>>> print(open('start-v3.cif').read())   # mmCIF, C-alpha atoms
data_query
#
loop_
_atom_site.label_atom_id
_atom_site.label_comp_id
_atom_site.auth_asym_id
_atom_site.auth_seq_id
_atom_site.Cartn_x
_atom_site.Cartn_y
_atom_site.Cartn_z
CA MET A 223 -27.56 13.86 10.14
CA LEU A 224 -26.54 10.23 10.35
CA ARG A 225 -24.70 9.43 13.59
CA LEU A 226 -22.34 6.52 14.07
CA SER A 227 -20.79 5.12 17.22
CA ALA A 228 -17.04 4.64 17.25
CA ALA A 229 -17.58 0.86 17.11
CA GLN A 230 -19.89 1.15 14.08
CA ALA A 231 -17.37 3.31 12.24
CA ARG A 232 -14.62 0.82 13.04
CA ARG A 233 -16.64 -2.13 11.72
CA ILE A 234 -17.57 -0.18 8.57
CA ALA A 235 -13.89 0.54 7.93
CA LEU A 236 -12.90 -3.10 8.45
CA ALA A 237 -15.66 -4.34 6.17
CA ALA A 238 -14.73 -1.84 3.46
CA THR A 239 -11.12 -2.97 3.46
CA GLY A 240 -12.08 -6.63 3.19
CA LEU A 241 -10.98 -7.69 6.66
CA ALA A 242 -14.46 -8.60 7.90
CA ALA A 243 -14.97 -11.38 5.35
CA PRO A 244 -13.98 -15.01 6.04
CA ARG A 245 -10.87 -16.22 4.26
CA PRO A 246 -11.25 -18.64 1.37
CA ALA A 247 -10.20 -22.23 1.88
CA VAL A 248 -7.83 -22.01 -1.11
CA PRO A 249 -7.02 -18.45 -2.22
CA SER A 250 -7.02 -17.99 -5.98
CA ARG A 251 -5.19 -15.67 -8.36
CA ARG A 252 -8.51 -14.01 -9.13
CA GLN A 253 -9.00 -13.22 -5.44
CA VAL A 254 -5.58 -11.53 -5.28
CA VAL A 255 -6.68 -9.31 -8.18
CA ALA A 256 -10.02 -8.66 -6.47
CA ALA A 257 -8.24 -7.60 -3.25
CA ASN A 258 -6.18 -5.09 -5.23
CA ALA A 259 -9.32 -3.76 -6.92
CA ARG A 260 -11.13 -3.45 -3.61
CA LEU A 261 -8.32 -1.57 -1.90
CA GLY A 262 -7.33 0.40 -4.99
CA MET A 263 -3.63 -0.17 -4.33
CA PHE A 264 -0.94 -2.27 -2.71
CA GLN A 265 1.85 -0.02 -1.43
CA ILE A 266 5.30 -1.16 -2.55
CA ASP A 267 8.24 -1.26 -0.18
CA SER A 268 11.54 -3.02 -0.80
CA VAL A 269 12.24 -3.87 2.87
CA ASN A 270 12.34 -7.66 3.11
CA ILE A 271 12.74 -8.20 6.86
CA LEU A 272 9.56 -10.28 6.82
CA ALA A 273 7.86 -10.09 3.43
CA ARG A 274 7.81 -7.13 1.08
CA ALA A 275 4.95 -4.78 1.93
CA HIS A 276 2.90 -5.30 -1.24
CA LEU A 277 2.71 -9.05 -0.57
CA MET A 278 1.09 -8.67 2.84
CA PRO A 279 -2.36 -7.07 2.22
CA PRO A 280 -3.65 -10.07 0.24
CA PHE A 281 -2.23 -12.44 2.86
CA SER A 282 -4.00 -10.48 5.62
CA ARG A 283 -7.32 -10.91 3.80
CA LEU A 284 -6.98 -14.22 1.99
CA GLY A 285 -4.46 -16.23 3.95
CA ALA A 286 -1.66 -18.26 2.36
CA TYR A 287 -2.06 -17.53 -1.34
CA GLU A 288 0.54 -18.58 -3.91
CA MET A 289 3.23 -15.91 -4.34
CA VAL A 290 3.69 -16.95 -7.98
CA ASP A 291 0.11 -15.79 -8.49
CA PHE A 292 1.06 -12.36 -7.20
CA GLU A 293 4.06 -12.17 -9.52
CA ALA A 294 1.86 -13.13 -12.44
CA VAL A 295 -0.83 -10.51 -11.86
CA ALA A 296 1.63 -7.77 -10.86
CA TRP A 297 4.42 -8.17 -13.43
CA GLY A 298 3.50 -11.08 -15.69
CA ARG A 299 2.42 -11.14 -19.33
CA LYS A 300 -1.26 -11.06 -18.34
CA ARG A 301 -0.83 -8.57 -15.53
CA ALA A 302 -3.83 -6.99 -13.86
CA MET A 303 -1.89 -4.19 -12.11
CA PHE A 304 0.72 -1.60 -12.91
CA GLU A 305 3.17 0.42 -10.83
CA THR A 306 2.57 4.12 -10.30
CA TRP A 307 2.76 6.87 -7.72
CA ALA A 308 -0.53 6.67 -5.82
CA HIS A 309 -0.40 7.00 -2.03
CA GLU A 310 3.29 6.26 -2.42
CA ALA A 311 4.80 3.84 -4.95
CA CYS A 312 1.99 1.34 -5.45
CA LEU A 313 0.58 -1.42 -7.59
CA VAL A 314 -2.87 -0.32 -8.74
CA PRO A 315 -5.54 -1.96 -10.93
CA MET A 316 -5.12 -1.52 -14.68
CA ALA A 317 -8.48 0.25 -14.87
CA THR A 318 -6.97 3.15 -12.88
CA TRP A 319 -4.65 4.14 -15.76
CA PRO A 320 -7.01 6.74 -17.33
CA LEU A 321 -7.72 8.34 -13.94
CA LEU A 322 -4.03 9.13 -13.42
CA GLN A 323 -3.22 10.68 -16.77
CA TRP A 324 -3.91 14.25 -15.61
CA ARG A 325 -1.32 13.84 -12.87
CA MET A 326 1.26 12.36 -15.21
CA ASP A 327 0.85 15.17 -17.72
CA ARG A 328 3.95 17.24 -18.30
CA GLN A 329 2.06 20.43 -17.51
CA ASP A 330 0.91 19.14 -14.13
CA ARG A 331 3.80 17.16 -12.71
CA SER A 332 3.36 15.40 -9.41
CA LYS A 333 5.73 15.95 -6.53
CA TYR A 334 7.51 12.76 -7.59
CA SER A 335 8.85 14.32 -10.79
CA VAL A 336 10.28 17.49 -9.27
CA GLY A 337 13.58 18.14 -7.55
CA LEU A 338 16.78 16.91 -9.12
CA ALA A 339 14.98 14.77 -11.71
CA ALA A 340 13.02 17.75 -13.08
CA GLN A 341 16.18 19.83 -12.92
CA LEU A 342 17.93 17.18 -14.99
CA ALA A 343 15.06 17.29 -17.51
CA ASN A 344 15.49 21.05 -17.82
CA ASP A 345 19.29 20.97 -17.99
CA ARG A 346 19.70 17.92 -20.25
CA PRO A 347 16.52 17.45 -22.30
CA GLU A 348 18.53 15.68 -25.00
CA PHE A 349 19.64 13.06 -22.44
CA ILE A 350 16.03 12.49 -21.32
CA ALA A 351 15.10 11.98 -24.96
CA SER A 352 18.00 9.57 -25.43
CA VAL A 353 16.88 7.45 -22.47
CA LEU A 354 13.41 7.17 -23.96
CA GLU A 355 14.91 6.28 -27.33
CA GLN A 356 17.16 3.60 -25.80
CA VAL A 357 14.17 1.88 -24.22
CA ARG A 358 12.21 2.21 -27.46
CA ASP A 359 15.01 0.64 -29.49
CA ARG A 360 16.49 -1.89 -27.08
CA GLY A 361 13.43 -3.00 -25.12
CA ALA A 362 12.93 -3.11 -21.36
CA LEU A 363 15.98 -1.79 -19.49
CA ALA A 364 17.08 -1.23 -15.92
CA ALA A 365 18.68 2.12 -15.11
CA ALA A 366 22.12 0.47 -14.91
CA GLU A 367 21.75 -0.66 -18.53
CA LEU A 368 21.16 2.86 -19.85
CA THR A 369 24.14 4.64 -21.39
CA GLY A 370 25.24 8.24 -21.04
CA GLY A 371 24.12 8.75 -17.45
CA GLY A 372 27.44 8.50 -15.64
CA SER A 373 27.87 6.88 -12.26
CA ALA A 374 25.93 7.31 -9.03
CA THR A 375 26.64 10.70 -7.45
CA GLY A 376 25.03 10.42 -4.04
CA LYS A 377 22.98 13.58 -4.64
CA TRP A 378 19.66 11.74 -4.48
CA TRP A 379 19.67 8.27 -2.88
CA GLY A 380 22.93 7.68 -4.76
CA TRP A 381 21.09 7.80 -8.10
CA SER A 382 22.92 8.22 -11.39
CA ASP A 383 21.58 10.57 -14.04
CA SER A 384 20.29 7.48 -15.87
CA LYS A 385 18.21 6.48 -12.84
CA MET A 386 16.89 10.03 -12.39
CA ALA A 387 15.98 10.23 -16.07
CA ALA A 388 14.17 6.89 -15.95
CA GLU A 389 12.30 7.88 -12.79
CA TYR A 390 11.36 11.23 -14.31
CA LEU A 391 9.94 9.53 -17.41
CA PHE A 392 8.16 7.02 -15.17
CA ALA A 393 6.58 9.81 -13.10
CA ILE A 394 5.19 11.58 -16.16
CA GLY A 395 3.92 8.37 -17.74
CA GLU A 396 6.31 8.07 -20.66
CA LEU A 397 7.88 4.95 -19.17
CA CYS A 398 6.28 2.20 -17.11
CA VAL A 399 7.75 -0.50 -14.89
CA SER A 400 7.89 -3.68 -16.91
CA HIS A 401 8.97 -5.92 -14.04
CA ARG A 402 11.34 -6.21 -11.09
CA ARG A 403 14.49 -8.29 -10.92
CA GLY A 404 17.53 -8.98 -8.77
CA ALA A 405 17.42 -6.89 -5.61
CA PHE A 406 13.94 -5.62 -6.52
CA GLU A 407 15.36 -3.39 -9.25
CA ARG A 408 12.91 -1.61 -11.55
CA VAL A 409 13.03 -2.47 -15.24
CA TYR A 410 11.47 0.20 -17.47
CA ASP A 411 9.59 -0.10 -20.75
CA LEU A 412 7.22 1.89 -22.93
CA PRO A 413 3.57 2.10 -21.83
CA GLU A 414 2.41 0.42 -25.05
CA ARG A 415 4.42 -2.66 -24.06
CA VAL A 416 3.12 -2.73 -20.48
CA ILE A 417 -0.43 -1.33 -20.44
CA PRO A 418 -2.89 -3.30 -22.61
CA ALA A 419 -4.26 -1.46 -25.63
CA ALA A 420 -7.81 -1.90 -24.32
CA ILE A 421 -6.87 0.14 -21.24
CA ARG A 422 -4.82 2.76 -23.12
CA ASP A 423 -7.72 3.29 -25.51
CA LEU A 424 -10.21 4.10 -22.75
CA PRO A 425 -11.44 7.71 -22.68
CA VAL A 426 -9.25 9.92 -20.50
CA PRO A 427 -11.40 11.98 -18.12
CA ASP A 428 -10.66 15.60 -17.37
CA ARG A 429 -9.03 16.57 -14.10
CA ALA A 430 -12.25 17.02 -12.12
CA GLU A 431 -13.79 13.73 -13.24
CA ALA A 432 -10.51 11.89 -12.65
CA GLN A 433 -10.34 13.27 -9.11
CA ARG A 434 -13.91 12.17 -8.48
CA GLY A 435 -12.99 8.72 -9.75
CA LEU A 436 -10.01 8.47 -7.41
CA LEU A 437 -12.09 9.71 -4.48
CA ARG A 438 -14.72 7.07 -5.24
CA ILE A 439 -12.05 4.39 -4.97
CA ALA A 440 -10.84 5.88 -1.68
CA ALA A 441 -14.36 6.14 -0.29
CA ALA A 442 -15.22 2.55 -1.15
CA ALA A 443 -11.92 1.30 0.32
CA THR A 444 -12.24 3.26 3.58
CA GLY A 445 -16.00 2.98 4.14
CA VAL A 446 -16.12 6.01 6.40
CA ALA A 447 -13.55 8.78 6.34
CA THR A 448 -12.91 12.50 6.56
CA GLU A 449 -12.29 14.73 3.57
CA ILE A 450 -8.57 14.73 4.37
CA ASP A 451 -8.57 10.93 4.64
CA LEU A 452 -10.15 10.63 1.21
CA ARG A 453 -7.68 12.98 -0.43
CA ALA A 454 -4.71 11.45 1.39
CA TYR A 455 -5.50 8.02 -0.02
CA TRP A 456 -4.22 9.24 -3.41
CA ARG A 457 -2.21 12.22 -2.17
CA LEU A 458 -4.68 14.61 -3.80
CA LYS A 459 -4.00 18.28 -3.15
CA PRO A 460 -6.56 20.68 -1.57
CA GLU A 461 -7.71 21.59 -5.09
CA ALA A 462 -9.68 18.31 -4.97
CA LYS A 463 -11.82 19.42 -1.99
CA PRO A 464 -14.75 20.52 -4.21
CA ARG A 465 -14.91 16.99 -5.64
CA VAL A 466 -15.93 15.67 -2.21
CA GLU A 467 -18.90 18.03 -2.09
CA GLU A 468 -19.81 17.03 -5.63
CA LEU A 469 -19.93 13.38 -4.55
CA VAL A 470 -22.13 14.43 -1.62
CA GLU A 471 -24.49 16.20 -4.00
CA ALA A 472 -24.59 13.08 -6.16
CA GLY A 473 -25.55 10.97 -3.14
CA GLU A 474 -22.41 8.87 -3.30
CA LEU A 475 -20.96 10.25 -0.07
CA ILE A 476 -23.24 10.74 2.93
CA PRO A 477 -22.20 13.25 5.62
CA CYS A 478 -22.26 11.77 9.10
CA GLU A 479 -21.07 12.34 12.64
CA VAL A 480 -18.84 9.75 14.28
CA GLU A 481 -18.46 9.45 18.02
CA GLY A 482 -15.11 10.90 19.07
CA TRP A 483 -14.24 12.33 15.65
CA LYS A 484 -13.78 16.10 15.45
CA PRO A 485 -13.70 16.48 11.64
CA GLN A 486 -16.75 16.01 9.44
CA ALA A 487 -17.06 12.39 8.33
CA TYR A 488 -18.49 10.87 5.17
CA ILE A 489 -19.78 7.35 4.65
CA TRP A 490 -19.69 5.68 1.24
CA HIS A 491 -23.23 5.08 0.03
CA GLU A 492 -22.61 1.36 -0.51
CA ALA A 493 -20.72 0.78 2.75
CA LYS A 494 -21.77 -2.19 4.88
CA THR A 495 -22.13 -2.07 8.67
CA PRO A 496 -21.61 -5.58 10.02
CA ARG A 497 -22.94 -6.35 13.48
CA ARG A 498 -19.79 -8.26 14.32
CA VAL A 499 -16.31 -8.60 12.91
CA GLU A 500 -14.38 -11.73 13.82
CA ALA A 501 -11.08 -11.07 12.07
CA ALA A 502 -7.67 -12.49 12.94
CA ALA A 503 -5.02 -10.91 10.76
CA LEU A 504 -1.49 -9.60 10.94
CA LEU A 505 -1.28 -6.27 9.13
CA SER A 506 1.64 -4.79 7.25
CA PRO A 507 2.80 -1.36 8.47
CA PHE A 508 1.89 -0.20 4.93
CA ASP A 509 -1.59 -1.77 4.81
CA PRO A 510 -4.23 0.65 3.45
CA LEU A 511 -5.99 0.41 6.80
CA LEU A 512 -2.88 1.77 8.54
CA PHE A 513 -0.74 3.80 6.14
CA GLU A 514 -2.41 7.06 7.21
CA ARG A 515 -1.50 6.99 10.91
CA ASP A 516 -3.94 9.74 11.95
CA ARG A 517 -6.80 7.81 10.39
CA ALA A 518 -5.67 4.61 12.14
CA LEU A 519 -5.74 6.44 15.45
CA ARG A 520 -9.16 7.97 14.79
CA THR A 521 -10.78 4.86 13.34
CA LEU A 522 -9.13 2.05 15.31
CA GLY A 523 -8.02 3.89 18.44
CA PHE A 524 -4.54 2.62 17.57
CA HIS A 525 -1.42 4.78 17.85
CA TYR A 526 1.27 3.41 15.57
CA ARG A 527 4.73 4.48 14.50
CA ILE A 528 6.90 1.99 12.67
CA GLY A 529 10.31 1.43 14.28
CA LEU A 530 11.93 0.90 10.89
CA TYR A 531 12.14 4.67 10.39
CA THR A 532 12.69 5.55 14.04
CA PRO A 533 16.09 5.91 15.75
CA LYS A 534 16.84 2.78 17.77
CA GLU A 535 16.75 4.59 21.11
CA GLN A 536 13.25 5.89 20.34
CA ARG A 537 11.67 2.57 19.34
CA THR A 538 9.02 1.36 21.76
CA ASP A 539 8.00 -1.99 20.28
CA GLY A 540 10.76 -3.09 17.92
CA TYR A 541 12.09 -2.69 14.39
CA TYR A 542 9.49 -4.23 12.05
CA VAL A 543 6.30 -4.35 14.07
CA LEU A 544 3.03 -5.74 12.73
CA PRO A 545 -0.28 -4.99 14.44
CA PHE A 546 -2.53 -8.00 15.06
CA LEU A 547 -6.21 -7.43 14.36
CA HIS A 548 -8.40 -9.70 16.49
CA GLY A 549 -12.14 -9.31 16.32
CA ASP A 550 -12.68 -5.67 15.43
CA ARG A 551 -9.77 -4.24 17.44
CA ILE A 552 -6.00 -4.19 17.26
CA ALA A 553 -5.16 -6.60 20.08
CA ALA A 554 -1.37 -6.84 19.93
CA ARG A 555 1.77 -5.83 18.08
CA VAL A 556 4.64 -8.16 17.24
CA ASP A 557 8.19 -7.45 16.06
CA LEU A 558 8.88 -10.06 13.37
CA LYS A 559 11.76 -11.20 11.21
CA ALA A 560 12.00 -14.08 8.76
CA ASP A 561 15.40 -15.80 8.91
CA ARG A 562 15.47 -17.38 5.47
CA LYS A 563 18.82 -19.07 5.98
CA ASP A 564 17.80 -21.04 9.05
CA ARG A 565 14.09 -20.96 8.13
CA VAL A 566 12.98 -19.47 11.42
CA LEU A 567 10.24 -16.90 11.98
CA HIS A 568 11.54 -14.80 14.85
CA VAL A 569 9.17 -12.97 17.17
CA HIS A 570 11.57 -10.49 18.76
CA ALA A 571 8.84 -8.92 20.92
CA ALA A 572 5.11 -9.31 21.52
CA ASN A 573 3.02 -6.67 23.25
CA LEU A 574 -0.64 -6.79 24.23
CA GLU A 575 -2.92 -3.77 23.82
CA ASP A 576 -4.52 -2.54 27.04
CA HIS A 577 -8.07 -3.66 26.19
CA ALA A 578 -7.15 -7.18 24.99
CA GLU A 579 -7.27 -10.47 26.92
CA THR A 580 -3.96 -12.32 27.20
CA ASP A 581 -4.74 -15.99 26.59
CA THR A 582 -7.36 -15.46 23.88
CA THR A 583 -5.08 -13.09 21.99
CA ALA A 584 -2.03 -15.33 22.39
CA HIS A 585 -3.78 -18.38 20.96
CA ALA A 586 -5.31 -16.49 18.03
CA LEU A 587 -1.98 -14.81 17.28
CA ALA A 588 -0.12 -18.13 17.48
CA GLN A 589 -2.47 -19.58 14.88
CA GLU A 590 -1.88 -16.61 12.58
CA LEU A 591 1.88 -16.85 13.05
CA ARG A 592 1.78 -20.51 12.06
CA ALA A 593 -0.07 -19.59 8.87
CA LEU A 594 2.42 -16.79 8.14
CA SER A 595 5.38 -19.03 8.89
CA GLY A 596 4.17 -21.73 6.51
CA TRP A 597 3.43 -19.19 3.78
CA LEU A 598 6.97 -17.82 4.05
CA GLY A 599 8.51 -21.29 4.03
CA MET A 600 9.73 -21.15 7.62
CA GLU A 601 10.09 -24.36 9.62
CA ARG A 602 9.66 -23.06 13.14
CA ILE A 603 8.70 -20.04 15.21
CA ALA A 604 11.02 -18.65 17.87
CA VAL A 605 9.43 -16.31 20.42
CA ALA A 606 11.79 -14.15 22.47
CA ARG A 607 10.75 -13.28 26.03
CA ARG A 608 10.31 -9.57 25.35
CA GLY A 609 7.00 -7.80 25.81
CA ASN A 610 3.97 -8.35 28.02
CA LEU A 611 2.48 -10.96 25.67
CA ALA A 612 5.69 -12.87 24.98
CA SER A 613 5.37 -15.54 27.65
CA ALA A 614 1.78 -16.46 26.77
CA LEU A 615 2.58 -16.34 23.05
CA HIS A 616 5.61 -18.59 23.55
CA ASP A 617 3.46 -21.15 25.30
CA ALA A 618 0.73 -20.92 22.65
CA CYS A 619 3.24 -21.38 19.83
CA THR A 620 4.94 -24.37 21.43
CA GLY A 621 1.86 -25.99 22.98
#
>>> encode(input="start-v3.cif", output="structure tokens")
Amino acid sequence: MLRLSAAQARRIALAATGLAAPRPAVPSRRQVVAANARLGMFQIDSVNILARAHLMPPFSRLGAYEMVDFEAVAWGRKRAMFETWAHEACLVPMATWPLLQWRMDRQDRSKYSVGLAAQLANDRPEFIASVLEQVRDRGALAAAELTGGGSATGKWWGWSDSKMAAEYLFAIGELCVSHRRGAFERVYDLPERVIPAAIRDLPVPDRAEAQRGLLRIAAAATGVATEIDLRAYWRLKPEAKPRVEELVEAGELIPCEVEGWKPQAYIWHEAKTPRRVEAAALLSPFDPLLFERDRALRTLGFHYRIGLYTPKEQRTDGYYVLPFLHGDRIAARVDLKADRKDRVLHVHAANLEDHAETDTTAHALAQELRALSGWLGMERIAVARRGNLASALHDACTG
């Protein structure tokens, strides 16, 4: 059986996710689309402490791309992505639409269409039908523009019945997200007005083939992973386990042993193993390399829990902490906030990982912070003296 060292597995994972490649001099709209296709998804999160989560993965790989390009390919007239429930709420490539139809089907609802929304569908089917009819007749609508749903009740994130109905129809594929507006509010429309006809007319695979397709995307995006890692990428249930063995039989996944890994590992048959990785990238807490924390620990040797969802007294590194990838290791973590009013990028804390060297890391991180600051339209960087890297980083940013 193929055997990999921990370092080889780490470099394979970084290459698969696009972090081993040099950044382009001028990132293009096409490269933003290619990054989405390579990763299979950009996870969406509305928190705007720094930059919304879906904006960060292309920045980590491409550098300072134009945000208007992202808006165009995500929600514009010639979009290349659509919103769906993947790992969590995500923007995925248009070509993924047929692979997700089995999960949207009314007879096989995902976990995202159960609970109060499914209860509402059972109790008030005529209201669900009326919401669909309103969108059909009136065009793209936000939940607040739908009639007959009452006011927010607080039962489920303060959602009104209109919001629950729209989310239910979105989860089962009868509505899509047309675009976002205001405070990142979803606007819903019919699939035929969001998904191009050429995509909707593609053959819809059966459940087994669709699962194999999703696992192929996960395998290519992770490079080397366990069976649980591959399923977790799309939140596939244990019923998809046989699909992994089928991909092994087809020669697309190769069983291997990885130093320090207890579970069986699989390497994607087209995965690259670079001799060196010379990355320098700040990573979103929701980056595909990190969003499965167990995999991040196993693959990168990096234990990570985001402070955003942790009680203040239990936070160890800060509120919105981004890991800094330097070379082929996570070298530091920084607690960041963009003050858009005063146009200041605040570094509330900076902490060095045990294996990393202080000055080298500080200078590389300072350069990345300058790039991030300029991309976000900030005019200066303010480094607080908190954390074991803060002093060196302060000097590197001001020197």
>>> resolve_selection(input="start-v3.cif", expression="the PyMOL selection byres ((chain A and resi 362) around 9)", output="PDB file with C-alpha atoms, in the coordinates of the input")
ATOM      1  CA  VAL A 357      14.170   1.880 -24.220  1.00  0.00           C
ATOM      2  CA  ARG A 358      12.210   2.210 -27.460  1.00  0.00           C
ATOM      3  CA  ARG A 360      16.490  -1.890 -27.080  1.00  0.00           C
ATOM      4  CA  GLY A 361      13.430  -3.000 -25.120  1.00  0.00           C
ATOM      5  CA  LEU A 363      15.980  -1.790 -19.490  1.00  0.00           C
ATOM      6  CA  ALA A 364      17.080  -1.230 -15.920  1.00  0.00           C
ATOM      7  CA  VAL A 399       7.750  -0.500 -14.890  1.00  0.00           C
ATOM      8  CA  SER A 400       7.890  -3.680 -16.910  1.00  0.00           C
ATOM      9  CA  HIS A 401       8.970  -5.920 -14.040  1.00  0.00           C
ATOM     10  CA  VAL A 409      13.030  -2.470 -15.240  1.00  0.00           C
ATOM     11  CA  TYR A 410      11.470   0.200 -17.470  1.00  0.00           C
ATOM     12  CA  ASP A 411       9.590  -0.100 -20.750  1.00  0.00           C
ATOM     13  CA  LEU A 412       7.220   1.890 -22.930  1.00  0.00           C
ATOM     14  CA  ARG A 415       4.420  -2.660 -24.060  1.00  0.00           C
TER      15      ARG A 415
END
>>> resolve_selection(input="start-v3.cif", expression="the PyMOL selection byres ((chain A and resi 469) around 12)", output="PyMOL selection string")
chain A and resi 430-431+433-439+441+449+452+462-468+470-477+488-491
>>> resolve_selection(input="start-v3.cif", expression="the PyMOL selection byres ((chain A and resi 254) around 10)", output="ChimeraX atom specification")
/A:249-253,255-260,277,279-281,283-284,287-289,291-292,295-296,302
>>> axis_aligned_box(input="start-v3.cif", around="segment 569-575 of chain A", padding_each_side="3 Å", output="AutoDock Vina command-line options")
--center_x 4.3 --center_y -8.4 --center_z 20.7 --size_x 20.5 --size_y 15.2 --size_z 13.1
>>> closest_residue(input="start-v3.cif", among="A:Ala229, A:Leu512, A:Ala366, A:Leu322", to="Gln265 of chain A", atoms="all atoms listed in the file")
A:Leu512
>>> atom_distance(input="start-v3.cif", atom1="atom CA of Val353 of chain A", atom2="atom CA of Glu407 of chain A")
17.2 Å
>>> closest_residue(input="start-v3.cif", among="A:Asp516, A:Asp561, A:Met303, A:Val480", to="Pro418 of chain A", atoms="all atoms listed in the file")
A:Met303
>>> residues_near_point(input="start-v3.cif", point="(11.5, -1.5, 21.6)", cutoff="10 Å", atoms="all atoms listed in the file", output="list in words")
Gly529, Lys534, Glu535, Gln536, Arg537, Thr538, Asp539, Gly540, Tyr541, Val543, Asp557, His570, Ala571, Arg608 and Gly609 of chain A
>>> atom_distance(input="start-v3.cif", atom1="atom CA of Ala308 of chain A", atom2="atom CA of Cys398 of chain A")
13.9 Å
>>> closest_residue(input="start-v3.cif", among="A:Arg245, A:His309, A:Lys385, A:His276", to="Trp456 of chain A", atoms="only C-alpha atoms")
A:His309
>>> atom_distance(input="start-v3.cif", atom1="atom CA of Leu354 of chain A", atom2="atom CA of Val416 of chain A")
14.7 Å
